[in-house]
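Data from query_7.csv: CSV, C-alpha atoms and all ligand atoms
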chain,number,residue,atom,x,y,z
A,1173,MET,CA,0.0,0.0,0.0
A,1174,GLY,CA,2.9,2.3,0.9
A,1175,LEU,CA,4.6,1.7,-2.5
A,1176,ALA,CA,1.3,1.8,-4.5
A,1177,LEU,CA,0.4,5.2,-3.0
A,1178,TYR,CA,3.7,7.0,-2.2
A,1179,GLY,CA,6.5,5.0,-4.0
A,1180,GLU,CA,7.9,5.9,-7.4
A,1181,GLY,CA,5.0,6.0,-9.8
A,1182,GLY,CA,2.6,5.7,-6.8
A,1183,PHE,CA,-0.8,7.2,-6.9
A,1184,TYR,CA,0.0,10.3,-4.9
A,1185,GLN,CA,3.4,10.8,-6.4
A,1186,ASP,CA,2.0,10.6,-9.9
A,1187,GLY,CA,-0.7,13.3,-9.7
A,1188,GLY,CA,-3.6,11.6,-7.8
A,1189,LYS,CA,-5.3,14.2,-5.6
A,1190,ALA,CA,-8.4,15.6,-4.0
A,1191,GLY,CA,-10.6,18.2,-5.8
A,1192,ARG,CA,-13.1,18.6,-8.5
A,1193,ARG,CA,-10.5,17.9,-11.2
A,1194,GLY,CA,-8.9,15.2,-9.0
A,1195,ASP,CA,-10.0,11.8,-7.9
A,1196,PHE,CA,-12.3,12.5,-4.9
A,1197,ILE,CA,-13.9,15.4,-3.1
A,1198,THR,CA,-12.9,16.1,0.5
A,1199,SER,CA,-14.4,18.6,2.9
A,1200,PRO,CA,-11.9,21.4,2.1
A,1201,GLU,CA,-12.5,20.8,-1.6
A,1202,VAL,CA,-16.3,21.3,-1.2
A,1203,GLY,CA,-15.6,25.1,-1.0
A,1204,PRO,CA,-14.1,27.6,1.5
A,1205,LEU,CA,-16.7,27.2,4.2
A,1206,PHE,CA,-15.0,24.2,5.9
A,1207,ALA,CA,-11.8,26.2,6.2
A,1208,ALA,CA,-13.8,29.2,7.6
A,1209,VAL,CA,-15.1,27.0,10.4
A,1210,ILE,CA,-11.6,25.7,11.1
A,1211,ALA,CA,-10.4,29.3,11.3
A,1212,ARG,CA,-12.9,29.9,14.1
A,1213,TYR,CA,-11.7,26.8,15.9
A,1214,LEU,CA,-8.1,28.0,15.6
A,1215,ASP,CA,-9.0,31.4,17.1
A,1216,ASP,CA,-10.7,29.5,20.0
A,1217,CYS,CA,-7.5,27.5,20.6
A,1218,TRP,CA,-5.3,30.6,20.3
A,1219,ASN,CA,-7.5,32.5,22.8
A,1220,GLU,CA,-7.4,29.5,25.3
A,1221,MET,CA,-3.6,29.5,25.0
A,1222,GLY,CA,-3.6,33.3,26.0
A,1223,CYS,CA,-3.0,34.6,22.4
A,1224,PRO,CA,0.7,33.7,22.1
A,1225,SER,CA,2.8,35.7,19.6
A,1226,THR,CA,3.7,32.5,17.8
A,1227,PHE,CA,1.0,30.0,17.2
A,1228,ASP,CA,1.9,26.8,15.3
A,1229,VAL,CA,-0.6,25.1,13.0
A,1230,VAL,CA,0.8,22.0,11.4
A,1231,GLU,CA,-1.5,20.4,8.7
A,1232,VAL,CA,-0.5,16.9,7.8
A,1233,GLY,CA,-1.5,15.3,4.5
A,1234,ALA,CA,-2.2,18.9,3.2
A,1235,GLY,CA,-2.7,17.7,-0.4
A,1236,PRO,CA,-2.5,20.8,-2.7
A,1237,GLY,CA,-3.0,23.3,0.1
A,1238,THR,CA,-6.7,24.1,-0.3
A,1239,LEU,CA,-7.4,24.1,3.5
A,1240,ALA,CA,-4.5,26.4,4.2
A,1241,ARG,CA,-5.6,28.8,1.5
A,1242,GLY,CA,-9.1,28.8,2.9
A,1243,ILE,CA,-7.9,29.4,6.5
A,1244,PHE,CA,-5.8,32.4,5.4
A,1245,ASP,CA,-8.7,33.8,3.3
A,1246,ALA,CA,-11.0,33.6,6.3
A,1247,ARG,CA,-8.6,36.1,8.1
A,1248,PRO,CA,-8.7,34.5,11.6
A,1249,LYS,CA,-7.7,36.8,14.5
A,1250,CYS,CA,-4.7,34.6,15.1
A,1251,ILE,CA,-3.3,35.3,11.6
A,1252,SER,CA,-0.5,37.6,12.8
A,1253,ALA,CA,0.8,34.8,15.1
A,1254,LEU,CA,0.1,32.0,12.7
A,1255,LYS,CA,3.1,29.8,11.7
A,1256,TYR,CA,1.4,27.4,9.2
A,1257,VAL,CA,3.3,24.3,8.2
A,1258,ALA,CA,1.8,22.1,5.4
A,1259,VAL,CA,3.2,18.6,5.6
A,1260,GLU,CA,2.7,16.6,2.4
A,1261,ILE,CA,4.6,13.5,1.4
A,1262,SER,CA,3.9,13.9,-2.4
A,1263,LYS,CA,6.3,16.2,-4.2
A,1264,ALA,CA,3.8,16.9,-6.9
A,1265,GLN,CA,1.3,18.2,-4.4
A,1266,ARG,CA,3.9,20.2,-2.4
A,1267,ALA,CA,4.6,22.1,-5.6
A,1268,LEU,CA,1.0,23.4,-5.4
A,1269,HIS,CA,1.3,24.8,-1.9
A,1270,PRO,CA,0.9,28.6,-1.5
A,1271,SER,CA,4.0,30.7,-0.7
A,1272,PHE,CA,2.6,31.8,2.7
A,1273,VAL,CA,2.9,28.3,4.2
A,1274,GLU,CA,6.1,26.4,5.1
A,1275,SER,CA,5.8,23.3,2.9
A,1276,MET,CA,7.5,20.2,4.2
A,1277,ALA,CA,7.7,16.5,3.3
A,1278,ASP,CA,7.9,15.4,7.0
A,1279,PHE,CA,6.5,16.4,10.3
A,1280,PRO,CA,8.7,19.2,11.7
A,1281,ASP,CA,11.4,18.0,14.1
A,1282,ARG,CA,10.7,20.5,16.9
A,1283,THR,CA,8.2,21.0,19.7
A,1284,ILE,CA,4.8,22.2,18.5
A,1285,GLN,CA,2.7,24.7,20.5
A,1286,GLY,CA,-0.7,25.1,18.7
A,1287,VAL,CA,-2.8,22.8,16.6
A,1288,VAL,CA,-2.0,19.8,14.5
A,1289,LEU,CA,-4.7,19.2,11.8
A,1290,SER,CA,-5.4,16.4,9.4
A,1291,ASN,CA,-8.3,15.7,7.0
A,1292,GLU,CA,-8.5,12.3,5.4
A,1293,LEU,CA,-4.9,11.4,6.3
A,1294,LEU,CA,-5.2,8.4,8.6
A,1295,ASP,CA,-7.3,6.4,6.2
A,1296,ASN,CA,-4.5,6.7,3.7
A,1297,LEU,CA,-1.7,5.5,5.9
A,1298,PRO,CA,-0.6,1.9,5.1
A,1299,PHE,CA,-2.2,-0.7,7.3
A,1300,LYS,CA,-1.7,-4.4,8.0
A,1301,LEU,CA,-4.4,-6.7,6.8
A,1302,PHE,CA,-5.4,-9.7,8.9
A,1303,VAL,CA,-7.5,-12.6,7.6
A,1304,TYR,CA,-9.3,-15.2,9.6
A,1305,ASP,CA,-8.4,-18.7,8.4
A,1306,GLY,CA,-9.2,-20.8,11.5
A,1307,VAL,CA,-6.8,-18.5,13.3
A,1308,TRP,CA,-5.9,-14.9,12.5
A,1309,LYS,CA,-3.1,-14.6,9.9
A,1310,GLU,CA,-1.5,-11.6,8.3
A,1311,ALA,CA,-1.8,-11.1,4.6
A,1312,PHE,CA,1.3,-10.2,2.6
A,1313,VAL,CA,1.7,-9.4,-1.1
A,1314,ALA,CA,3.8,-11.8,-3.3
A,1315,LEU,CA,4.4,-12.1,-7.1
A,1316,GLY,CA,2.4,-14.9,-8.5
A,1317,ASP,CA,2.4,-16.7,-11.9
A,1318,GLY,CA,2.3,-14.4,-14.9
A,1319,GLY,CA,3.7,-11.5,-12.9
A,1320,LYS,CA,0.5,-10.8,-11.1
A,1321,PHE,CA,0.4,-9.8,-7.4
A,1322,VAL,CA,-1.2,-12.3,-5.1
A,1323,GLU,CA,-1.9,-12.4,-1.4
A,1324,VAL,CA,-0.2,-14.9,0.9
A,1325,LEU,CA,-1.3,-15.6,4.5
A,1326,ARG,CA,1.3,-16.0,7.2
A,1327,HIS,CA,1.1,-17.1,10.8
A,1328,VAL,CA,1.8,-14.4,13.4
A,1329,ASP,CA,3.4,-14.8,16.8
A,1330,GLU,CA,1.1,-12.4,18.5
A,1331,VAL,CA,-2.5,-11.7,17.4
A,1332,PRO,CA,-3.5,-8.1,18.0
A,1333,GLU,CA,-5.8,-7.8,21.0
A,1334,VAL,CA,-8.5,-5.8,19.2
A,1335,LEU,CA,-9.3,-8.7,16.9
A,1336,PRO,CA,-12.2,-11.0,18.0
A,1337,LYS,CA,-11.3,-14.5,19.2
A,1338,THR,CA,-13.1,-16.1,16.3
A,1339,ALA,CA,-14.8,-14.9,13.2
A,1340,PRO,CA,-16.4,-16.4,10.0
A,1341,LEU,CA,-13.7,-17.9,7.8
A,1342,GLY,CA,-12.3,-15.3,5.4
A,1343,SER,CA,-13.1,-12.4,7.7
A,1344,ARG,CA,-10.7,-9.5,7.2
A,1345,ALA,CA,-9.7,-6.6,9.4
A,1346,PRO,CA,-7.2,-3.7,9.2
A,1347,ILE,CA,-4.5,-3.2,11.9
A,1348,GLN,CA,-3.5,0.4,11.7
A,1349,THR,CA,0.0,0.5,13.1
A,1350,ALA,CA,1.1,3.5,11.0
A,1351,ALA,CA,-1.9,5.5,12.1
A,1352,THR,CA,-1.5,4.7,15.8
A,1353,GLN,CA,2.2,5.5,15.6
A,1354,TRP,CA,1.5,8.8,13.9
A,1355,LEU,CA,-0.9,9.9,16.6
A,1356,LEU,CA,1.5,8.8,19.3
A,1357,LYS,CA,4.4,10.6,17.7
A,1358,VAL,CA,2.5,13.8,17.1
A,1359,SER,CA,1.2,13.9,20.7
A,1360,GLN,CA,4.7,13.4,22.0
A,1361,LYS,CA,5.9,16.4,19.9
A,1362,MET,CA,3.3,18.8,21.3
A,1363,SER,CA,4.0,20.7,24.5
A,1364,ASN,CA,0.7,22.7,24.5
A,1365,GLY,CA,-2.3,22.6,22.2
A,1366,LYS,CA,-4.6,20.2,20.3
A,1367,VAL,CA,-4.6,17.5,17.7
A,1368,LEU,CA,-7.7,17.6,15.4
A,1369,VAL,CA,-8.3,14.7,13.0
A,1370,PHE,CA,-11.2,14.4,10.4
A,1371,ASP,CA,-11.8,11.1,8.8
A,1372,TYR,CA,-14.2,8.3,8.1
A,1373,CYS,CA,-14.0,6.1,11.2
A,1374,SER,CA,-15.5,2.9,12.7
A,1375,GLU,CA,-15.7,2.4,16.4
A,1376,SER,CA,-14.8,-1.3,16.7
A,1377,THR,CA,-12.4,-3.6,15.0
A,1378,SER,CA,-14.5,-6.6,16.0
A,1379,GLN,CA,-17.4,-5.1,14.2
A,1380,ILE,CA,-15.4,-4.3,11.0
A,1381,ALA,CA,-14.2,-8.0,11.0
A,1382,VAL,CA,-17.7,-9.1,10.3
A,1383,THR,CA,-18.4,-6.4,7.8
A,1384,PRO,CA,-17.9,-7.2,4.1
A,1385,TRP,CA,-14.4,-6.0,3.5
A,1386,ARG,CA,-15.2,-4.1,0.3
A,1387,GLU,CA,-17.2,-1.7,2.5
A,1388,TRP,CA,-14.2,-0.6,4.6
A,1389,LEU,CA,-11.2,-1.3,2.3
A,1390,ARG,CA,-12.0,1.0,-0.6
A,1391,THR,CA,-10.2,2.1,-3.8
A,1392,TYR,CA,-11.0,5.3,-5.7
A,1393,LYS,CA,-10.1,6.7,-9.1
A,1394,GLU,CA,-11.5,9.8,-10.9
A,1395,HIS,CA,-14.5,10.1,-8.5
A,1396,GLU,CA,-15.5,6.4,-8.9
A,1397,ARG,CA,-14.8,3.3,-6.8
A,1398,GLY,CA,-11.7,1.5,-8.1
A,1399,VAL,CA,-10.8,-2.1,-8.7
A,1400,HIS,CA,-9.3,-4.7,-6.3
A,1401,TYR,CA,-6.4,-3.2,-4.3
A,1402,LEU,CA,-3.8,-5.6,-5.8
A,1403,LEU,CA,-4.7,-4.6,-9.4
A,1404,ASP,CA,-2.9,-1.9,-11.3
A,1405,PRO,CA,-0.9,-0.4,-8.4
A,1406,GLY,CA,-0.3,3.3,-8.6
A,1407,SER,CA,-3.5,3.9,-10.7
A,1408,GLN,CA,-5.9,4.3,-7.8
A,1409,ASP,CA,-6.2,5.4,-4.2
A,1410,ILE,CA,-6.4,2.8,-1.5
A,1411,THR,CA,-8.1,3.6,1.9
A,1412,THR,CA,-9.5,2.0,5.0
A,1413,GLN,CA,-12.1,3.1,7.6
A,1414,VAL,CA,-10.1,4.4,10.5
A,1415,MET,CA,-10.4,2.2,13.6
A,1416,VAL,CA,-11.1,4.4,16.7
A,1417,ASP,CA,-10.6,1.6,19.2
A,1418,GLN,CA,-7.1,1.1,17.9
A,1419,LEU,CA,-6.2,4.8,18.2
A,1420,MET,CA,-7.7,4.9,21.7
A,1421,GLN,CA,-5.5,2.0,22.8
A,1422,VAL,CA,-2.5,4.3,22.4
A,1423,VAL,CA,-4.2,7.6,23.2
A,1424,PRO,CA,-7.2,6.9,25.5
A,1425,SER,CA,-8.1,10.6,26.0
A,1426,LEU,CA,-9.1,11.0,22.4
A,1427,THR,CA,-12.6,12.5,22.0
A,1428,ASN,CA,-14.9,11.6,19.1
A,1429,ALA,CA,-17.7,13.7,17.6
A,1430,LYS,CA,-19.6,13.6,14.3
A,1431,GLN,CA,-18.5,16.2,11.7
A,1432,SER,CA,-22.0,17.6,11.4
A,1433,GLU,CA,-22.2,18.3,15.2
A,1434,TRP,CA,-18.6,19.6,15.4
A,1435,LEU,CA,-19.2,22.1,12.5
A,1436,ASN,CA,-22.4,23.2,14.2
A,1437,SER,CA,-20.6,23.8,17.5
A,1438,TYR,CA,-18.0,26.0,15.8
A,1439,GLY,CA,-20.6,28.1,14.1
A,1440,ILE,CA,-21.2,26.8,10.6
A,1441,GLY,CA,-24.9,28.0,11.0
A,1442,GLU,CA,-23.8,31.6,11.7
A,1443,LEU,CA,-21.5,31.6,8.7
A,1444,VAL,CA,-24.3,30.4,6.5
A,1445,SER,CA,-26.7,33.2,7.8
A,1446,GLU,CA,-24.0,35.8,7.3
A,1447,GLY,CA,-23.6,34.5,3.8
A,1448,MET,CA,-27.3,34.8,3.0
A,1449,GLU,CA,-27.4,38.3,4.4
A,1450,TYR,CA,-24.5,39.4,2.3
A,1451,TRP,CA,-26.1,37.8,-0.8
A,1452,GLU,CA,-29.4,39.6,-0.2
A,1453,ALA,CA,-27.6,42.9,0.1
A,1454,HIS,CA,-25.5,42.4,-3.0
A,1455,LYS,CA,-27.6,40.2,-5.3
A,1456,SER,CA,-28.7,43.0,-7.6
A,1457,SER,CA,-25.1,43.4,-8.8
A,1458,PRO,CA,-23.3,40.3,-7.5
A,1459,ASP,CA,-19.5,40.1,-7.4
A,1460,ILE,CA,-17.3,37.0,-6.7
A,1461,ALA,CA,-17.6,37.6,-2.9
A,1462,ALA,CA,-21.4,37.6,-3.1
A,1463,MET,CA,-21.4,34.3,-5.1
A,1464,LYS,CA,-19.1,32.7,-2.6
A,1465,MET,CA,-21.4,33.9,0.3
A,1466,ARG,CA,-24.4,32.4,-1.5
A,1467,SER,CA,-22.7,29.1,-2.0
A,1468,ARG,CA,-22.2,28.7,1.8
A,1469,SER,CA,-25.6,27.2,2.2
A,1470,ASN,CA,-25.0,24.4,-0.4
A,1471,GLU,CA,-21.6,23.8,1.1
A,1472,ALA,CA,-23.0,23.5,4.6
A,1473,GLN,CA,-25.5,20.9,3.3
A,1474,ALA,CA,-22.7,18.8,1.8
A,1475,LEU,CA,-20.4,19.1,4.9
A,1476,THR,CA,-23.1,18.1,7.4
A,1477,SER,CA,-25.2,15.6,5.4
A,1478,HIS,CA,-25.8,12.5,7.6
A,1479,ASP,CA,-25.2,10.0,4.9
A,1480,GLY,CA,-22.1,11.8,3.6
A,1481,LEU,CA,-19.3,14.1,5.0
A,1482,GLY,CA,-21.4,15.0,8.1
A,1483,ALA,CA,-21.1,11.4,9.3
A,1484,PHE,CA,-17.3,11.6,9.3
A,1485,SER,CA,-15.6,11.6,12.8
A,1486,VAL,CA,-13.7,14.5,14.3
A,1487,LEU,CA,-11.2,13.1,16.8
A,1488,GLU,CA,-9.6,15.6,19.2
A,1489,LEU,CA,-6.8,15.4,21.6
A,1490,GLU,CA,-5.9,18.1,24.1
A,1491,LEU,CA,-2.3,18.3,25.4
B,1501,LIG,C1,-7.0,11.9,0.9
B,1501,LIG,S1,-5.7,13.0,0.7
B,1501,LIG,C2,-6.3,14.4,1.6
B,1501,LIG,C3,-5.8,15.7,1.2
B,1501,LIG,C4,-6.3,16.9,1.9
B,1501,LIG,N1,-6.1,16.8,3.3
B,1501,LIG,C5,-7.8,17.1,1.7
B,1501,LIG,O1,-8.6,16.8,2.6
B,1501,LIG,O2,-8.2,17.4,0.6
B,1501,LIG,C6,-4.4,12.4,1.7
B,1501,LIG,C7,-3.1,13.1,1.6
B,1501,LIG,O3,-2.2,12.7,2.6
B,1501,LIG,C8,-0.9,12.7,2.0
B,1501,LIG,N2,-0.1,11.8,2.9
B,1501,LIG,C9,-0.1,10.5,3.1
B,1501,LIG,N3,0.8,10.0,4.0
B,1501,LIG,C10,1.4,11.1,4.4
B,1501,LIG,C11,2.4,11.3,5.4
B,1501,LIG,N4,3.0,10.3,6.0
B,1501,LIG,N5,2.9,12.6,5.6
B,1501,LIG,C12,2.3,13.6,4.9
B,1501,LIG,N6,1.4,13.5,3.9
B,1501,LIG,C13,0.9,12.3,3.7
B,1501,LIG,C14,-1.2,12.1,0.6
B,1501,LIG,O4,-0.1,12.3,-0.3
B,1501,LIG,C15,-2.4,12.9,0.3
B,1501,LIG,O5,-2.1,14.1,-0.4
Translate this structure into structure tokens?
Amino acid sequence: MGLALYGEGGFYQDGGKAGRRGDFITSPEVGPLFAAVIARYLDDCWNEMGCPSTFDVVEVGAGPGTLARGIFDARPKCISALKYVAVEISKAQRALHPSFVESMADFPDRTIQGVVLSNELLDNLPFKLFVYDGVWKEAFVALGDGGKFVEVLRHVDEVPEVLPKTAPLGSRAPIQTAATQWLLKVSQKMSNGKVLVFDYCSESTSQIAVTPWREWLRTYKEHERGVHYLLDPGSQDITTQVMVDQLMQVVPSLTNAKQSEWLNSYGIGELVSEGMEYWEAHKSSPDIAAMKMRSRSNEAQALTSHDGLGAFSVLELEL
């Protein structure tokens, strides 16, 4: 998965990305409203910290930098203190970052005081795949006849505790070592502040083990579901539902809210009303600003819909 997404010729190294002209639409790519709500959250955190003169915001898996652009456009009160680092593993996407952010390939090697953000990062970090074959075994990729990739199952010395004792034969489950290590590493690098993670999550690995695997191990290409994850590596995105129980094993104080509720609590409704008022006052000769304000209500619907982005999880950790 790591090579297929981030290796030479991998999906993200080779131009795969979020956005209307990309392969999938994420919350920041719906429009600027998501970033405007995050800007309010950042102001809250900055105020809680006593308005320090330097306020770190590290966005990991920043893609082409759309969220960063939106946050600066929303002109938060903390803007003069804001030191925004956009961490993105893909060189092609780093090249698209705006000049006002510090663009990096890896998480900064220093203590962070402020906020670490990520949207749809953890689902994209390579995970181990376990398969129930009378006992739980780990799946590996090998080269089969005719040069095709095949899966081979191997015995493991220690079965991860989160897996159920037994399951129907052929059951599958992700073990997200990279995601849990990421969260642990980030929390250790922070001296004061918050980690805020948006993603599609499931609460329990036992539950996912009895869910048809194609529902949680998904591939995407050009806004459509892709083919089997071993086919045509590099041509499609590969993702998993993020397992909250596994993250909570390493960071028990993580809180979990639905994206719709979280956006409401940080004032998405007020931003929509402000947008409608602005539109009403300017609709006789609308400019770009008026059009953007009018689109807030459609964006809010997409960001909070219960069968779409609104059902995503917002995981938060205070340090
Ligand atoms: C699904 S995209 C989301 C992009 C953006 N956050 C958004 O919401 O539109 C995931 C991004 O994470 C990046 N990524 C994956 N692993 C990473 C890592 N270890 N460090 C930094 N970026 C990473 C990928 O290259 C990709 O751009």
- [ ] Extract, using only C-alpha atoms, all DNA, RNA and protein residues at most 10 Å from range 1278-1281 of chain A, discarding same-chain residues fewer than 4 positions from it, and format them as JSON, numbers by chain.
- [x] {"A": [1230, 1231, 1232, 1233, 1257, 1258, 1259, 1260, 1261, 1354, 1357, 1358, 1361]}
Closest atom pairs, residues of chain A within 7 Å of ligand LIG 1501 (chain B), only C-alpha atoms and all ligand atoms, as a Markdown table:
| residue | atom | partner | partner_atom | distance |
| --- | --- | --- | --- | --- |
| A:Tyr1178 | CA | B:LIG1501 | O4 | 6.8 |
| A:Tyr1184 | CA | B:LIG1501 | O4 | 5.0 |
| A:Lys1189 | CA | B:LIG1501 | O5 | 6.1 |
| A:Ala1190 | CA | B:LIG1501 | O2 | 4.9 |
| A:Gly1191 | CA | B:LIG1501 | O2 | 6.9 |
| A:Thr1198 | CA | B:LIG1501 | O1 | 4.8 |
| A:Ser1199 | CA | B:LIG1501 | O1 | 6.1 |
| A:Pro1200 | CA | B:LIG1501 | O2 | 5.7 |
| A:Glu1201 | CA | B:LIG1501 | O2 | 5.9 |
| A:Val1232 | CA | B:LIG1501 | C12 | 5.2 |
| A:Gly1233 | CA | B:LIG1501 | O3 | 3.3 |
| A:Ala1234 | CA | B:LIG1501 | N1 | 4.4 |
| A:Gly1235 | CA | B:LIG1501 | O5 | 3.6 |
| A:Thr1238 | CA | B:LIG1501 | O2 | 6.9 |
| A:Val1259 | CA | B:LIG1501 | C12 | 5.1 |
| A:Glu1260 | CA | B:LIG1501 | N6 | 3.7 |
| A:Ile1261 | CA | B:LIG1501 | N6 | 4.1 |
| A:Ser1262 | CA | B:LIG1501 | O4 | 4.8 |
| A:Gln1265 | CA | B:LIG1501 | O5 | 6.7 |
| A:Ala1277 | CA | B:LIG1501 | C12 | 6.3 |
| A:Asp1278 | CA | B:LIG1501 | N5 | 5.9 |
| A:Ser1290 | CA | B:LIG1501 | N1 | 6.2 |
| A:Asn1291 | CA | B:LIG1501 | N1 | 4.4 |
| A:Glu1292 | CA | B:LIG1501 | C1 | 4.8 |
| A:Leu1293 | CA | B:LIG1501 | C6 | 4.7 |
| A:Asn1296 | CA | B:LIG1501 | C9 | 5.8 |
| A:Leu1297 | CA | B:LIG1501 | N3 | 5.5 |
Open item on the list: Using all atoms listed in the file - which residues lie no farther than 10 Å from the point (-11.0, 28.4, 1.0) in the file's frame? Write them as a PyMOL selection string.
Closed with: chain A and resi 1200-1208+1237-1246+1464
Convert the current residue selection to file output with C-alpha atoms, as a PDB file, in the coordinates of the input.
ATOM      1  CA  PRO A1200     -11.900  21.400   2.100  1.00  0.00           C
ATOM      2  CA  GLU A1201     -12.500  20.800  -1.600  1.00  0.00           C
ATOM      3  CA  VAL A1202     -16.300  21.300  -1.200  1.00  0.00           C
ATOM      4  CA  GLY A1203     -15.600  25.100  -1.000  1.00  0.00           C
ATOM      5  CA  PRO A1204     -14.100  27.600   1.500  1.00  0.00           C
ATOM      6  CA  LEU A1205     -16.700  27.200   4.200  1.00  0.00           C
ATOM      7  CA  PHE A1206     -15.000  24.200   5.900  1.00  0.00           C
ATOM      8  CA  ALA A1207     -11.800  26.200   6.200  1.00  0.00           C
ATOM      9  CA  ALA A1208     -13.800  29.200   7.600  1.00  0.00           C
ATOM     10  CA  GLY A1237      -3.000  23.300   0.100  1.00  0.00           C
ATOM     11  CA  THR A1238      -6.700  24.100  -0.300  1.00  0.00           C
ATOM     12  CA  LEU A1239      -7.400  24.100   3.500  1.00  0.00           C
ATOM     13  CA  ALA A1240      -4.500  26.400   4.200  1.00  0.00           C
ATOM     14  CA  ARG A1241      -5.600  28.800   1.500  1.00  0.00           C
ATOM     15  CA  GLY A1242      -9.100  28.800   2.900  1.00  0.00           C
ATOM     16  CA  ILE A1243      -7.900  29.400   6.500  1.00  0.00           C
ATOM     17  CA  PHE A1244      -5.800  32.400   5.400  1.00  0.00           C
ATOM     18  CA  ASP A1245      -8.700  33.800   3.300  1.00  0.00           C
ATOM     19  CA  ALA A1246     -11.000  33.600   6.300  1.00  0.00           C
ATOM     20  CA  LYS A1464     -19.100  32.700  -2.600  1.00  0.00           C
TER      21      LYS A1464
END
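Residue nearest Glu1375 in chain A within the list A:Gln1353, A:Asn1428, A:Thr1391, A:Val1399: A:Asn1428 [criterion: smallest interatomic distance, only C-alpha atoms].
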Task: Residue contacts of Glu1310 in chain A (10 Å, all atoms listed in the file) excluding same-chain residues fewer than 2 positions away, as a VMD selection string - done: chain A and resid 1300 to 1305 1308 1312 1323 to 1328 1331 1344 to 1347
TODO: Enter the distance from CA of Arg1192 in chain A to CA of Gly1480 in chain A, in Å, rounded to one decimal.
DONE: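 Spanning CA of Arg1192 in chain A to CA of Gly1480 in chain A is a straight-line distance of 16.5 Å.
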TODO: Considering all atoms listed in the file, return as a ChimeraX atom specification whatever protein or nucleic-acid residues lie within 12 Å of Ile1251 in chain A, sequence-local ones (same chain, fewer than 3 positions apart) excluded.
DONE: /A:1211-1212,1214-1215,1218,1223-1229,1240,1243-1248,1254-1256,1272-1273
Keeping C-alpha atoms for every residue in the selection just given, could you write it to a file as a PDB file, in the frame of the given file?
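The resulting file, out_9.pdb, is reproduced below:
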ATOM      1  CA  ALA A1211     -10.400  29.300  11.300  1.00  0.00           C
ATOM      2  CA  ARG A1212     -12.900  29.900  14.100  1.00  0.00           C
ATOM      3  CA  LEU A1214      -8.100  28.000  15.600  1.00  0.00           C
ATOM      4  CA  ASP A1215      -9.000  31.400  17.100  1.00  0.00           C
ATOM      5  CA  TRP A1218      -5.300  30.600  20.300  1.00  0.00           C
ATOM      6  CA  CYS A1223      -3.000  34.600  22.400  1.00  0.00           C
ATOM      7  CA  PRO A1224       0.700  33.700  22.100  1.00  0.00           C
ATOM      8  CA  SER A1225       2.800  35.700  19.600  1.00  0.00           C
ATOM      9  CA  THR A1226       3.700  32.500  17.800  1.00  0.00           C
ATOM     10  CA  PHE A1227       1.000  30.000  17.200  1.00  0.00           C
ATOM     11  CA  ASP A1228       1.900  26.800  15.300  1.00  0.00           C
ATOM     12  CA  VAL A1229      -0.600  25.100  13.000  1.00  0.00           C
ATOM     13  CA  ALA A1240      -4.500  26.400   4.200  1.00  0.00           C
ATOM     14  CA  ILE A1243      -7.900  29.400   6.500  1.00  0.00           C
ATOM     15  CA  PHE A1244      -5.800  32.400   5.400  1.00  0.00           C
ATOM     16  CA  ASP A1245      -8.700  33.800   3.300  1.00  0.00           C
ATOM     17  CA  ALA A1246     -11.000  33.600   6.300  1.00  0.00           C
ATOM     18  CA  ARG A1247      -8.600  36.100   8.100  1.00  0.00           C
ATOM     19  CA  PRO A1248      -8.700  34.500  11.600  1.00  0.00           C
ATOM     20  CA  LEU A1254       0.100  32.000  12.700  1.00  0.00           C
ATOM     21  CA  LYS A1255       3.100  29.800  11.700  1.00  0.00           C
ATOM     22  CA  TYR A1256       1.400  27.400   9.200  1.00  0.00           C
ATOM     23  CA  PHE A1272       2.600  31.800   2.700  1.00  0.00           C
ATOM     24  CA  VAL A1273       2.900  28.300   4.200  1.00  0.00           C
TER      25      VAL A1273
END
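Residues of protein, DNA and RNA with at least one atom no farther than 12 Å from (-17.8, -8.2, 10.1) are, using all atoms listed in the file, A:Val1303, A:Tyr1304, A:Leu1335, A:Pro1336, A:Thr1338, A:Ala1339, A:Pro1340, A:Leu1341, A:Gly1342, A:Ser1343, A:Arg1344, A:Ala1345, A:Pro1346, A:Ser1374, A:Ser1376, A:Thr1377, A:Ser1378, A:Gln1379, A:Ile1380, A:Ala1381, A:Val1382, A:Thr1383, A:Pro1384, A:Trp1385, A:Arg1386, A:Glu1387, A:Trp1388.
For the set A:Leu1419, A:Leu1289, A:Leu1402, A:Leu1426, the residue with the smallest atom-to-atom gap to Leu1491 in chain A is A:Leu1426, counting all atoms listed in the file.
Pairwise distance (CA of Asp1409 in chain A, CA of Tyr1392 in chain A) equals 5.0 Å.
Reported to one decimal place, the separation of CA of Glu1471 in chain A from CA of Lys1430 in chain A is 16.8 Å.
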Open item on the list: At a cut-off of 10 Å, using only C-alpha atoms, what residues contact Val1322 in chain A? Leave out same-chain residues fewer than 5 positions from it and give the result as JSON, numbers by chain.
Closed with: {"A": [1311, 1312, 1313, 1314, 1315, 1316, 1317, 1402, 1403]}
